[in-house]
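Peer 1: Right, I'll just put the structure down here and ask away after.
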Amino acid sequence: MDTVHKTYEFKRVLVWELPVRIFHWVNVLSITVLAVTGFIIADPPGIMSSAEAVDSYWFGTVRMIHFTTGYIFLINAVARIYWAFMGNYYSNWRAFIPLSKKEWDNIKHVLKVDILLQNEEKEVLKNHSVGHNYVASLSYVVLFLLALVQIFTGFGLYAPTSGWWLPKLFSWVPYVLGDEMTTRYVHHIATWLFIIFTLVHVYLVFYHDWLEGRGESSSMISGYKFVRKERLDKGDTI
C-alpha cells in the first residue's frame with residue numbers, strides 16, 4: 001500500500017520580539033545564579049583554609065552575587081510587566097488569559113497531546129498556537145506569581161541587613177508570614193518549584209519542536225516560528 005505524504009505551506013512569522021527574548025534569557029541566567037547561590041547560602045560548605053578570616057570572604061561574595069542578581073531579577077520582572085502592555089499580540093497580557101471557547105478547546109487539545117501523547121492531524125491543525133498555547137500561558141501566570149513570592153520573601157529576608165531603602169520596603173514580609181524562618185521555608189520551597197517548572201518547560205519545548213516542527217526551540221533566539229498558511233487563513237493575528 002502506498003503511503004500518502006501531506007505537504008503544507010509555511011510562513012515565517014516574527015512571534016517573539018527582541019525585548020521578550022532578552023527578558024527570557026536574563027530570567028534563565030538570573031534563576032540559575034539565584035538557585036546556585038541560594039543553596040550555598042542555605043547550607044554553606046565547610047572550607048578549610050589557613051588564611052585569616054578577614055582575607056577569606058568567599059561567603060560574603062556569594063551573598064553579594066545572590067543579592068545583586070535579585071535586583072536584576074526584580075528589574076527584569078518590572079520590564080516584562082511593562083512590555084505586557086506595550087508589546088505585540090503574543091507578548092500582551094491578554095494572550096495569557098483564556099477567555100473564549102476556542103482558547104479553552106486549545107487547553108483540552110494540549111493536555112491530550114502532552115499527557116495522553118495523542119496527535120490527531122485535524123486537531124493539531126485546528127488548535128495549534130502561533131505563540132504560547134494556553135496551558136503554557138496559564139503556567140506562566142502561575143510562574144509570575146511564584147516570582148513575586150520569591151521577590152517579596154527574598155527582599156524581606158535581606159531587609160534587616162540592608163541600608164538601602166528598596167529592600168526596606170519589604171521588611172514587613174517576615175511579620176506577615178509569622179517569622180524569618182517561615183519566610184526562609186517559603187523562599188526555599190518556591191526555589192524548588194522554579195526548578196521543577198524549568199525541567200518540565202525544557203522537556204515540553206523540545207517535545208513540541210519534535211512534534212510540530214515549527215522552530216519552537218530556536219524561536220526564543222531568532223524570534224521566528226514557522227506557521228501553516230491554513231492556520232493564518234483562519235484569522236490568527238500576525
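Simple scheme: letters A, B, ... for chains in C-alpha cells order, numbers from 1 for residues in each chain, numbers from 1 for ligands in the order shown.
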Find the spatial neighbours of segment 171-178 of chain A, counting only C-alpha atoms, within a cut-off of 9 Å - ignore same-chain residues fewer than 6 positions away - and output them as a PyMOL selection string.
Peer 2: chain A and resi 152-153+155-160+184+186
Peer 1: Need the shell around Phe73 of chain A: protein/DNA/RNA residues with any atom at most 8 Å away, counting only C-alpha atoms. Skip same-chain ones fewer than 2 positions apart. Format as a list in words?
Peer 2: Val26, Asn27, Ser30, Ile31, Thr69, Gly70, Tyr71, Ile75, Asn76 and Ala77 of chain A
Peer 1: Nearest to Arg228 of chain A among A:Phe10, A:Phe59, A:Phe67, A:Tyr185, with distances taken over only C-alpha atoms: which residue is it?
Peer 2: A:Phe10
Peer 1: Wanna dump the segment 130-196 of chain A-segment 87-106 of chain A contacts at 12 Å for me, each residue with its shortest atom pair and the distance in Å to one decimal, counting only C-alpha atoms, ordered by chain and number, as JSON lines?
Peer 2:
{"residue": "A:Val130", "atom": "CA", "partner": "A:Tyr90", "partner_atom": "CA", "distance": 8.2}
{"residue": "A:Gly131", "atom": "CA", "partner": "A:Tyr90", "partner_atom": "CA", "distance": 5.6}
{"residue": "A:His132", "atom": "CA", "partner": "A:Tyr90", "partner_atom": "CA", "distance": 7.5}
{"residue": "A:Asn133", "atom": "CA", "partner": "A:Asn106", "partner_atom": "CA", "distance": 7.0}
{"residue": "A:Tyr134", "atom": "CA", "partner": "A:Asn106", "partner_atom": "CA", "distance": 6.5}
{"residue": "A:Val135", "atom": "CA", "partner": "A:Asn106", "partner_atom": "CA", "distance": 8.1}
{"residue": "A:Ala136", "atom": "CA", "partner": "A:Phe96", "partner_atom": "CA", "distance": 8.4}
{"residue": "A:Ser137", "atom": "CA", "partner": "A:Phe96", "partner_atom": "CA", "distance": 4.6}
{"residue": "A:Leu138", "atom": "CA", "partner": "A:Phe96", "partner_atom": "CA", "distance": 6.1}
{"residue": "A:Ser139", "atom": "CA", "partner": "A:Phe96", "partner_atom": "CA", "distance": 9.0}
{"residue": "A:Tyr140", "atom": "CA", "partner": "A:Phe96", "partner_atom": "CA", "distance": 7.7}
{"residue": "A:Val141", "atom": "CA", "partner": "A:Phe96", "partner_atom": "CA", "distance": 7.0}
{"residue": "A:Val142", "atom": "CA", "partner": "A:Phe96", "partner_atom": "CA", "distance": 10.5}
{"residue": "A:Leu143", "atom": "CA", "partner": "A:Phe96", "partner_atom": "CA", "distance": 11.8}
{"residue": "A:Phe144", "atom": "CA", "partner": "A:Phe96", "partner_atom": "CA", "distance": 11.2}
Peer 1: Could you pull out the helix (DSSP H, G or I) residues of segment 63-159 of chain A, going by DSSP on the backbone, and write them as a ChimeraX atom specification?
Peer 2: /A:63-86,93-96,101-114,121-127,134-159
Peer 1: Set the distance at 7 Å and use only C-alpha atoms: which residues neighbour segment 215-222 of chain A once local chain neighbours fewer than 2 positions away are removed? I'd like the list as a PyMOL selection string.
Peer 2: chain A and resi 16+21+205-206+208-209+213+224-226
Peer 1: Would you save the residues from that selection as a CSV table (one decimal), in the first residue's frame, using N, CA and C atoms?
Peer 2:
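Saved the output as again10.csv:
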chain,number,residue,atom,x,y,z
A,16,TRP,N,8.2,36.3,18.8
A,16,TRP,CA,8.8,36.9,20.0
A,16,TRP,C,9.7,38.1,19.7
A,21,ARG,N,12.6,38.2,24.2
A,21,ARG,CA,13.8,37.3,24.1
A,21,ARG,C,14.8,37.7,25.2
A,205,VAL,N,9.2,22.1,25.5
A,205,VAL,CA,9.7,22.8,24.3
A,205,VAL,C,10.3,21.9,23.3
A,206,PHE,N,11.2,21.0,23.7
A,206,PHE,CA,11.8,20.1,22.7
A,206,PHE,C,10.7,19.1,22.2
A,208,HIS,N,7.4,19.6,21.8
A,208,HIS,CA,6.6,20.3,20.7
A,208,HIS,C,7.4,20.6,19.5
A,209,ASP,N,8.7,20.9,19.7
A,209,ASP,CA,9.5,21.2,18.5
A,209,ASP,C,9.6,19.9,17.6
A,213,GLY,N,7.5,20.7,14.6
A,213,GLY,CA,8.5,21.1,13.6
A,213,GLY,C,8.4,22.6,13.2
A,224,TYR,N,11.5,34.0,15.4
A,224,TYR,CA,10.6,33.5,14.4
A,224,TYR,C,10.1,32.1,14.6
A,225,LYS,N,8.9,31.8,14.2
A,225,LYS,CA,8.3,30.5,14.1
A,225,LYS,C,7.8,30.3,12.7
A,226,PHE,N,7.6,29.0,12.3
A,226,PHE,CA,7.0,28.7,11.0
A,226,PHE,C,5.6,28.3,11.2
Peer 1: At what distance in Å, to one decimal, does atom CA of Leu166 of chain A lie from atom CA of Phe197 of chain A?
Peer 2: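 Separation between atom CA of Phe197 of chain A and atom CA of Leu166 of chain A: 28.6 Å.
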Peer 1: Measuring between only C-alpha atoms, which one of A:Tyr82, A:His24, A:Arg214, A:Val113 shows the shortest distance to Val227 of chain A?
Peer 2: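 Closest residue, counting only C-alpha atoms: A:Arg214.
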Peer 1: Taking only C-alpha atoms into account, which of A:Met181, A:Thr61, A:Ala147, A:Leu193 comes nearest Thr37 of chain A?
Peer 2: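 That would be A:Thr61, the residue with the smallest distance to Thr37 of chain A.
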